[in-house]
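Text of the file my_file_20.cif, holding mmCIF, C-alpha atoms:
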```
data_run
#
loop_
_atom_site.label_atom_id
_atom_site.label_comp_id
_atom_site.auth_asym_id
_atom_site.auth_seq_id
_atom_site.Cartn_x
_atom_site.Cartn_y
_atom_site.Cartn_z
CA MET A 14 6.55 -7.13 -4.77
CA PRO A 15 3.11 -8.57 -5.41
CA THR A 16 2.49 -11.92 -3.79
CA GLN A 17 -0.13 -13.20 -6.23
CA ASN A 18 0.35 -14.30 -9.85
CA VAL A 19 -3.28 -14.56 -11.00
CA VAL A 20 -4.51 -11.03 -11.77
CA THR A 21 -2.61 -8.44 -13.78
CA ILE A 22 -3.47 -5.03 -15.17
CA GLU A 23 -1.32 -3.82 -18.06
CA ASP A 24 1.15 -6.66 -17.38
CA ARG A 25 1.55 -5.67 -13.71
CA ARG A 26 0.43 -7.96 -10.91
CA VAL A 27 -2.25 -6.47 -8.65
CA LEU A 28 -1.24 -5.88 -5.04
CA VAL A 29 -3.27 -7.66 -2.39
CA ALA A 30 -3.40 -7.62 1.42
CA THR A 31 -0.60 -7.50 2.95
CA ASP A 32 1.67 -6.56 0.03
CA PRO A 33 2.05 -2.86 1.01
CA GLU A 34 3.10 -3.71 4.58
CA GLY A 35 6.69 -4.01 5.76
CA LYS A 36 8.15 -2.28 2.70
CA ALA A 37 11.10 0.10 2.56
CA ILE A 38 10.36 3.82 2.22
CA LYS A 39 12.61 6.05 0.13
CA GLY A 40 12.85 9.82 0.55
CA CYS A 41 11.08 10.20 3.89
CA PRO A 42 10.65 13.92 4.63
CA ASN A 43 10.44 13.27 8.39
CA VAL A 44 13.98 14.21 9.46
CA GLY A 45 15.52 16.20 12.28
CA ALA A 46 17.27 16.01 15.63
CA ALA A 47 15.85 13.23 17.85
CA ILE A 48 13.49 12.12 15.05
CA LYS A 49 13.72 8.66 13.52
CA PRO A 50 12.93 8.96 9.82
CA CYS A 51 10.30 6.63 8.40
CA MET A 52 12.07 3.64 6.92
CA THR A 53 9.36 0.95 6.74
CA THR A 54 5.61 0.78 6.17
CA LEU A 55 3.55 -0.76 8.96
CA LYS A 56 0.07 -2.30 8.83
CA VAL A 57 -2.38 -0.76 6.36
CA ALA A 58 -5.03 1.30 8.18
CA VAL A 59 -7.42 1.67 5.22
CA GLY A 60 -7.36 0.80 1.56
CA TYR A 61 -8.11 -2.89 1.14
CA SER A 62 -11.19 -3.67 -0.94
CA PRO A 63 -14.13 -5.05 1.03
CA PHE A 64 -15.56 -6.53 -2.19
CA ILE A 65 -12.78 -7.75 -4.50
CA THR A 66 -10.37 -10.52 -3.57
CA VAL A 67 -7.69 -12.54 -5.31
CA GLU A 68 -6.95 -15.94 -3.84
CA HIS A 69 -8.84 -14.96 -0.65
CA HIS A 70 -6.83 -11.75 -0.17
CA SER A 71 -8.46 -8.32 -0.54
CA ILE A 72 -6.93 -6.25 -3.31
CA SER A 73 -5.06 -3.08 -2.41
CA LEU A 74 -6.76 0.09 -3.59
CA ASP A 75 -5.18 3.41 -4.52
CA SER A 76 -6.50 4.72 -1.19
CA VAL A 77 -4.04 2.63 0.86
CA THR A 78 -2.75 4.51 3.90
CA GLY A 79 -1.06 3.42 7.10
CA PHE A 80 1.63 4.36 9.57
CA THR A 81 5.41 4.09 9.31
CA ASP A 82 8.07 3.19 11.83
CA GLY A 83 9.14 6.86 12.08
CA THR A 84 8.88 8.95 15.24
CA PRO A 85 6.86 10.07 16.98
CA PRO A 86 5.28 6.58 16.94
CA MET A 87 1.92 6.14 15.20
CA THR A 88 1.89 9.69 13.80
CA VAL A 89 3.88 9.47 10.56
CA LYS A 90 1.64 8.14 7.77
CA TYR A 91 2.28 6.83 4.29
CA LYS A 92 -0.15 6.85 1.37
CA VAL A 93 -0.23 5.74 -2.24
CA ARG A 94 1.02 8.44 -4.60
CA HIS A 95 0.70 6.50 -7.83
CA ALA A 96 -1.24 3.26 -8.11
CA GLY A 97 0.73 2.14 -11.17
CA GLN A 98 -2.27 1.91 -13.48
CA PRO A 99 -5.11 4.32 -14.43
CA PHE A 100 -7.66 1.77 -15.68
CA VAL A 101 -9.29 0.29 -12.59
CA GLY A 102 -10.50 2.48 -9.75
CA GLU A 103 -12.77 2.64 -6.75
CA GLN A 104 -16.13 4.35 -7.12
CA GLU A 105 -16.88 6.93 -4.47
#
```
Is it possible to express this structure as structure tokens?
Amino acid sequence: MPTQNVVTIEDRRVLVATDPEGKAIKGCPNVGAAIKPCMTTLKVAVGYSPFITVEHHSISLDSVTGFTDGTPPMTVKYKVRHAGQPFVGEQE
């Protein structure tokens, strides 16, 4: 759930730092004997805008990636699959 109520795109609130962190993960493919499946997102490694902020929080870009709580520790990553809107993007 977005934590800010100021900026929307197509009636959806924009995610800001730290919205993507500590969220439940559905359908983790990391399964097997002695492997803990990824259940929760951890701290974002990359993907917060260095230029655009909302209420002093960097916005989350469609390039957000970070690690999960799955095993082995600090090896199972998550990334954005669908940003939820196609209108605003990051220039490369």
Can you find the residues with an atom no farther than 10 Å from (3.8, -5.1, -13.8), counting only C-alpha atoms, and report them as a PDB file with C-alpha atoms, in the coordinates of the input?
```pdb
ATOM      1  CA  MET A  14       6.550  -7.130  -4.770  1.00  0.00           C
ATOM      2  CA  PRO A  15       3.110  -8.570  -5.410  1.00  0.00           C
ATOM      3  CA  THR A  21      -2.610  -8.440 -13.780  1.00  0.00           C
ATOM      4  CA  ILE A  22      -3.470  -5.030 -15.170  1.00  0.00           C
ATOM      5  CA  GLU A  23      -1.320  -3.820 -18.060  1.00  0.00           C
ATOM      6  CA  ASP A  24       1.150  -6.660 -17.380  1.00  0.00           C
ATOM      7  CA  ARG A  25       1.550  -5.670 -13.710  1.00  0.00           C
ATOM      8  CA  ARG A  26       0.430  -7.960 -10.910  1.00  0.00           C
ATOM      9  CA  VAL A  27      -2.250  -6.470  -8.650  1.00  0.00           C
ATOM     10  CA  GLY A  97       0.730   2.140 -11.170  1.00  0.00           C
ATOM     11  CA  GLN A  98      -2.270   1.910 -13.480  1.00  0.00           C
TER      12      GLN A  98
END
```
Please expand the PyMOL selection byres ((chain A and resi 77) around 10) into the concrete residues it hits in this file, giving the result as a PyMOL selection string. chain A and resi 33+57-62+73-76+78-79+91-94+96
Could you save those same residues with C-alpha atoms as a compact mmCIF listing (two decimals), in the frame of the given file?
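New file part_28.txt:
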```
# COMPACT_ATOMS: atom_id res chain seq x y z
CA PRO A 33 2.05 -2.86 1.01
CA VAL A 57 -2.38 -0.76 6.36
CA ALA A 58 -5.03 1.30 8.18
CA VAL A 59 -7.42 1.67 5.22
CA GLY A 60 -7.36 0.80 1.56
CA TYR A 61 -8.11 -2.89 1.14
CA SER A 62 -11.19 -3.67 -0.94
CA SER A 73 -5.06 -3.08 -2.41
CA LEU A 74 -6.76 0.09 -3.59
CA ASP A 75 -5.18 3.41 -4.52
CA SER A 76 -6.50 4.72 -1.19
CA THR A 78 -2.75 4.51 3.90
CA GLY A 79 -1.06 3.42 7.10
CA TYR A 91 2.28 6.83 4.29
CA LYS A 92 -0.15 6.85 1.37
CA VAL A 93 -0.23 5.74 -2.24
CA ARG A 94 1.02 8.44 -4.60
CA ALA A 96 -1.24 3.26 -8.11
```
List the residues selected by the PyMOL selection byres ((chain A and resi 69) around 12) in the file shown, writing them as an mmCIF file with C-alpha atoms, keeping the file's coordinate frame.
```cif
data_model
loop_
_atom_site.group_PDB
_atom_site.id
_atom_site.type_symbol
_atom_site.label_atom_id
_atom_site.label_comp_id
_atom_site.auth_asym_id
_atom_site.auth_seq_id
_atom_site.Cartn_x
_atom_site.Cartn_y
_atom_site.Cartn_z
ATOM 1 C CA GLN A 17 -0.130 -13.200 -6.230
ATOM 2 C CA VAL A 19 -3.280 -14.560 -11.000
ATOM 3 C CA VAL A 29 -3.270 -7.660 -2.390
ATOM 4 C CA ALA A 30 -3.400 -7.620 1.420
ATOM 5 C CA THR A 31 -0.600 -7.500 2.950
ATOM 6 C CA SER A 62 -11.190 -3.670 -0.940
ATOM 7 C CA PRO A 63 -14.130 -5.050 1.030
ATOM 8 C CA PHE A 64 -15.560 -6.530 -2.190
ATOM 9 C CA ILE A 65 -12.780 -7.750 -4.500
ATOM 10 C CA THR A 66 -10.370 -10.520 -3.570
ATOM 11 C CA VAL A 67 -7.690 -12.540 -5.310
ATOM 12 C CA GLU A 68 -6.950 -15.940 -3.840
ATOM 13 C CA HIS A 70 -6.830 -11.750 -0.170
ATOM 14 C CA SER A 71 -8.460 -8.320 -0.540
ATOM 15 C CA ILE A 72 -6.930 -6.250 -3.310
#
```
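Taking CA of Gly35 (chain A) as the reference point, CA of Cys51 (chain A) is found at 11.5 Å.
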How many Å separate CA of Pro99 (chain A) from CA of Lys39 (chain A)? 23.0 Å
To one decimal place, how far is CA of Asn43 (chain A) from CA of Asp82 (chain A) in Å?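 CA of Asp82 (chain A) lies 10.9 Å from CA of Asn43 (chain A).
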Might you spell out which residues the PyMOL selection byres ((chain A and resi 83) around 8) would select in the displayed file, as a PyMOL selection string? chain A and resi 43+48-53+81-82+84-89
Nearest to Asp32 (chain A), chosen from A:Lys90, A:Lys56, A:Thr16, A:His95, with all atoms listed in the file counted in the distances: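 Closest to Asp32 (chain A) of all the choices is A:Thr16.
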